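To keep things clear, I will list the structure first and then write my remarks on it.
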Amino acid sequence: MTTIIANGTVISTTGAEPADVLIDGEKIVALIQPGSELALSAAAGAETVIDATGKYVLPGGVDCHTHLEMPVGDIWTADTFETGTRAAAWGGTTTVIDFATQMAGEQVRACLDARFAEAEGNCAIDYGFHMVLGDVTGDSLKEMDALVDEGISSFKLFMAYPDRLLSDDRQLLLAMQQAAGNGAMIMMHAENGIAIDLLAEQAIERGETDPINHGYVRRPELEAEATHRAIQLAAVGACPLYIVHLSSSHALEQVAWARAKGANVFAETCPQYLYLNLEDHLGLPDFGGAGYVCSTPLRTKHEHHHADLWHGLRQNDLSVVSTDHCPFCLNDKAAGADDFRAIPNGIGGIEHRMDLLYQGVVQGEISLPRWVELCATTPARMFGLYPQKGVLAPGSDADVVVYDPAATWTISADTHHMALDYSAFEGFEMQGGVSTVLSRGRVIIDGGTYHGSPGDGRYLRRGLSSYLL
Ligand code: URP
Ligand code: ZN
Ligand code: ZN
């Protein structure tokens, strides 16, 4: 089946050019000059012609940090693989990389197999996994090598959550040394969880139980300290390091310092850290802040975290924007009504990442090519999916978004497609929006209708990162 996306402006990391995109089956076969003889004959022979006049044409988004169908104790994230990947597609994301998690005492292999079974046949778009090592043991270190061979080429470790997931420095270094040998990327949740838990305990003793205290005790200094320690351990372990959900100027300074020295240190941020803050959101009265509890936390508006993060995105000290989509419904957040420590951590946003970042283009914070680089090309390169994903080029998967810069709309839980009963971005007025989405050559979103089905998405065996310095 051949498709041509005609008369649009193709956005890549190197610029914005008029081009027609010719697709055969699941792959892109050519980018052709619009109006040329070749373009006219391709259009005449194509089974499907999508008119992209006045629109941008870009590679499908790659969201490399999501938590679909994930339990925290007895509470599960609201989006299943089916609902979450469908919502992602609505927002122009055509690849997600989620996590398989090994908790202390569990076998890596068994946890991964269970995760494969949960996703299989349910995803609307292509998907991969990182592996969370909740316990670094002889078994998990040995399994790391096997997993890299099977397309799981990145491992998340935690410096937070002492009672559940924290690895001590010895464990961190062991995993890093193993990654140095097998080429994997170490992803780090960089917060000093031991210090944070002490501050949280002291806050509760003082009767400070509201959600805003989650933000007060998870101090930016403790994100910076852990980020610095992770950077130094990775230097000793000689592996590449990727800091997840970076939220503060303090931590960004550490990443910029490491990168200025030429270290293979990378970081992502998420839309919530660019647009939301501690006082106006986490500090909402009557437990309203619970919907904004996530870790790392939202930061104070009285410092310059937002401006610094945008600057980091321009400078490439922040190379990726993911969502850390971790949606819990409000009745689940109520578990922490008397103690902010019991509020399940996470914000949902898988559907709105591309649009929220596009507002950065509208506001002059980033360029159009940088938007595509942050949301599609770099995450694909960072996690071994390039050039299959993240680029419109001959031979790449035909994951394509047709984006209308003239669209205007408002984010609302009443109209979003996530299985989440609120939106952290409720009422945000958006300029620009997704018109059409193709996943491996098939139109899955068009004219406000979803045309895909669960099981369309395939598991992606990832290679090693092609982004290293
Ligand atoms: O609050 C968050 N980010 N929850 C998801 C788990 C994690 O640490 O990424
Ligand atoms: Zn984390
Ligand atoms: Zn996360």
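In the structure tokens, each chain is lettered A, B, ... as it comes, each chain's residues begin at 1, and ligands are numbered from 1 in order of appearance.
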> Given a cut-off of 12 Å, what residues near ligand 2 show up using only C-alpha atoms and all ligand atoms, put as a PyMOL selection string?
Replying inline: chain A and resi 65-67+99+101+132-134+155-161+165-166+187-193+223+242-247+268-270+294-297+322-326+345-347
Set the distance at 12 Å and use only C-alpha atoms: which residues neighbour Glu279 (chain A) once local chain neighbours fewer than 5 positions away are removed? I'd like the list as a CSV table (one decimal) with C-alpha atoms, in the first residue's frame.
chain,number,residue,atom,x,y,z
A,211,PRO,CA,0.7,17.7,49.6
A,212,ILE,CA,2.8,20.9,49.4
A,213,ASN,CA,5.2,19.4,52.0
A,214,HIS,CA,6.1,16.7,49.5
A,215,GLY,CA,7.7,19.5,47.5
A,216,TYR,CA,9.3,21.1,50.6
A,284,LEU,CA,-3.6,24.0,46.0
A,285,PRO,CA,-5.9,24.0,49.1
A,288,GLY,CA,-6.0,19.8,45.6
A,289,GLY,CA,-2.3,19.6,45.4
A,292,TYR,CA,0.5,17.4,41.4
A,297,PRO,CA,8.7,17.4,42.7
A,298,LEU,CA,7.4,20.6,41.1
A,299,ARG,CA,9.7,23.5,42.1
A,300,THR,CA,9.1,26.9,43.6
A,301,LYS,CA,8.1,29.7,41.3
A,302,HIS,CA,10.3,32.1,43.4
A,303,GLU,CA,13.5,30.7,41.8
>> Using only C-alpha atoms, which protein or nucleic acid residues come within 6 Å of Gly457 (chain A)? Drop anything in the same chain fewer than 2 positions from it, and give the result as a list of chain:residue names.
In response: A:Cys123, A:Ala124, A:Ile125, A:Asp126, A:Gly455
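Once Ala258 (chain A) and its same-chain neighbours fewer than 6 positions away are set aside, His228, Ile231, Gln232, Ala235, Leu252, Asn264, Val265, Phe266 and Asp317 of chain A remain within 10 Å of it when counting only C-alpha atoms.
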Mind dumping the selected residues with N, CA and C atoms as a PDB file, in the first residue's frame?
ATOM      1  N   HIS A 228      25.000  14.784  41.316  1.00  0.00           N
ATOM      2  CA  HIS A 228      26.467  14.875  41.329  1.00  0.00           C
ATOM      3  C   HIS A 228      27.093  13.518  41.667  1.00  0.00           C
ATOM      4  N   ILE A 231      26.844  11.196  38.777  1.00  0.00           N
ATOM      5  CA  ILE A 231      27.812  11.569  37.725  1.00  0.00           C
ATOM      6  C   ILE A 231      29.206  11.051  38.081  1.00  0.00           C
ATOM      7  N   GLN A 232      29.594  11.243  39.330  1.00  0.00           N
ATOM      8  CA  GLN A 232      30.951  10.807  39.747  1.00  0.00           C
ATOM      9  C   GLN A 232      31.048   9.284  39.764  1.00  0.00           C
ATOM     10  N   ALA A 235      31.421   8.136  36.297  1.00  0.00           N
ATOM     11  CA  ALA A 235      32.788   8.379  35.801  1.00  0.00           C
ATOM     12  C   ALA A 235      33.701   7.245  36.251  1.00  0.00           C
ATOM     13  N   LEU A 252      20.416  20.637  37.225  1.00  0.00           N
ATOM     14  CA  LEU A 252      20.841  20.968  35.865  1.00  0.00           C
ATOM     15  C   LEU A 252      22.291  21.475  35.858  1.00  0.00           C
ATOM     16  N   ASN A 264      29.851  11.443  29.171  1.00  0.00           N
ATOM     17  CA  ASN A 264      28.636  10.870  28.581  1.00  0.00           C
ATOM     18  C   ASN A 264      27.509  10.918  29.600  1.00  0.00           C
ATOM     19  N   VAL A 265      27.088  12.138  29.916  1.00  0.00           N
ATOM     20  CA  VAL A 265      26.012  12.379  30.884  1.00  0.00           C
ATOM     21  C   VAL A 265      24.904  13.131  30.161  1.00  0.00           C
ATOM     22  N   PHE A 266      23.694  12.627  30.306  1.00  0.00           N
ATOM     23  CA  PHE A 266      22.545  13.198  29.601  1.00  0.00           C
ATOM     24  C   PHE A 266      21.399  13.365  30.594  1.00  0.00           C
ATOM     25  N   ASP A 317      21.982  20.622  27.435  1.00  0.00           N
ATOM     26  CA  ASP A 317      22.264  19.964  28.720  1.00  0.00           C
ATOM     27  C   ASP A 317      21.043  19.151  29.119  1.00  0.00           C
TER      28      ASP A 317
END
> Of the residues A:Cys239, A:Ala119, A:Thr9, A:Gly348, which is the one nearest to ligand 3, using only C-alpha atoms and all ligand atoms?
Replying inline: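 Comparing A:Cys239, A:Ala119, A:Thr9, A:Gly348 against ligand 3, the winner is A:Gly348.
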> In Å, how far is it from CA of Ser466 (chain A) to CA of Met382 (chain A)?
Replying inline: 6.1 Å
> Out of A:Ala337, A:Ala100, A:Val10, A:Leu420, which residue has the shortest atom-to-atom distance to ligand 3 when counting only C-alpha atoms and all ligand atoms?
Replying inline: A:Ala100
> Which residues, written as a list of chain:residue names, have at least one atom at most 7 Å from region 79-90 of chain A, with only C-alpha atoms counted and residues fewer than 6 positions away on the same chain left out?
Replying inline: A:Leu68, A:Glu69, A:Ala119, A:Asn122, A:Cys123, A:Ala124, A:Ile125, A:Pro327, A:Ile350, A:Glu351, A:His417, A:Met418, A:Ala419, A:Ile445, A:Pro454
>> Would you compute the distance between CA of Pro369 (chain A) and CA of Gly448 (chain A)? Give it in Å to one decimal.
In response: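 Interatomic distance, CA of Pro369 (chain A) to CA of Gly448 (chain A): 25.7 Å.
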> Hey, what does DSSP flag as helix (DSSP H, G or I) within region 95-284 of chain A? Can you give it to me as number ranges by chain?
Replying inline: A: 108-119, 138-149, 169-182, 193-205, 212-217, 220-237, 249-260, 271-275, 278-282
> Of the candidates A:Glu373, A:Gly151, A:Ser248, A:Gln272, which shows the shortest atom-to-atom distance to ligand 1, using only C-alpha atoms and all ligand atoms?
Replying inline: A:Gln272
> For Val236 (chain A), which residue among A:Cys329, A:Leu174, A:Ala200, A:Ala407 is the nearest when counting only C-alpha atoms?
Replying inline: A:Leu174
> Looking at only C-alpha atoms, which of A:Val49, A:Asp149, A:Ser12, A:Gly92 is the one that sits closest to Val391 (chain A)?
Replying inline: A:Ser12
> Which of these residues is nearest to Cys375 (chain A), using only C-alpha atoms: A:Asn316, A:Thr209, A:Thr137, A:Thr93?
Replying inline: A:Thr93
> Using only C-alpha atoms, which residues sit within 9 Å of Asp338 (chain A) once same-chain residues fewer than 3 positions away are excluded, as a list in words?
Replying inline: Thr209, Asp210, Ala334, Ala335, Arg341 and Ala342 of chain A
> What separation in Å, quoted to one decimal, exists between CA of Met131 (chain A) and CA of Val255 (chain A)?
Replying inline: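 Interatomic distance, CA of Met131 (chain A) to CA of Val255 (chain A): 22.9 Å.
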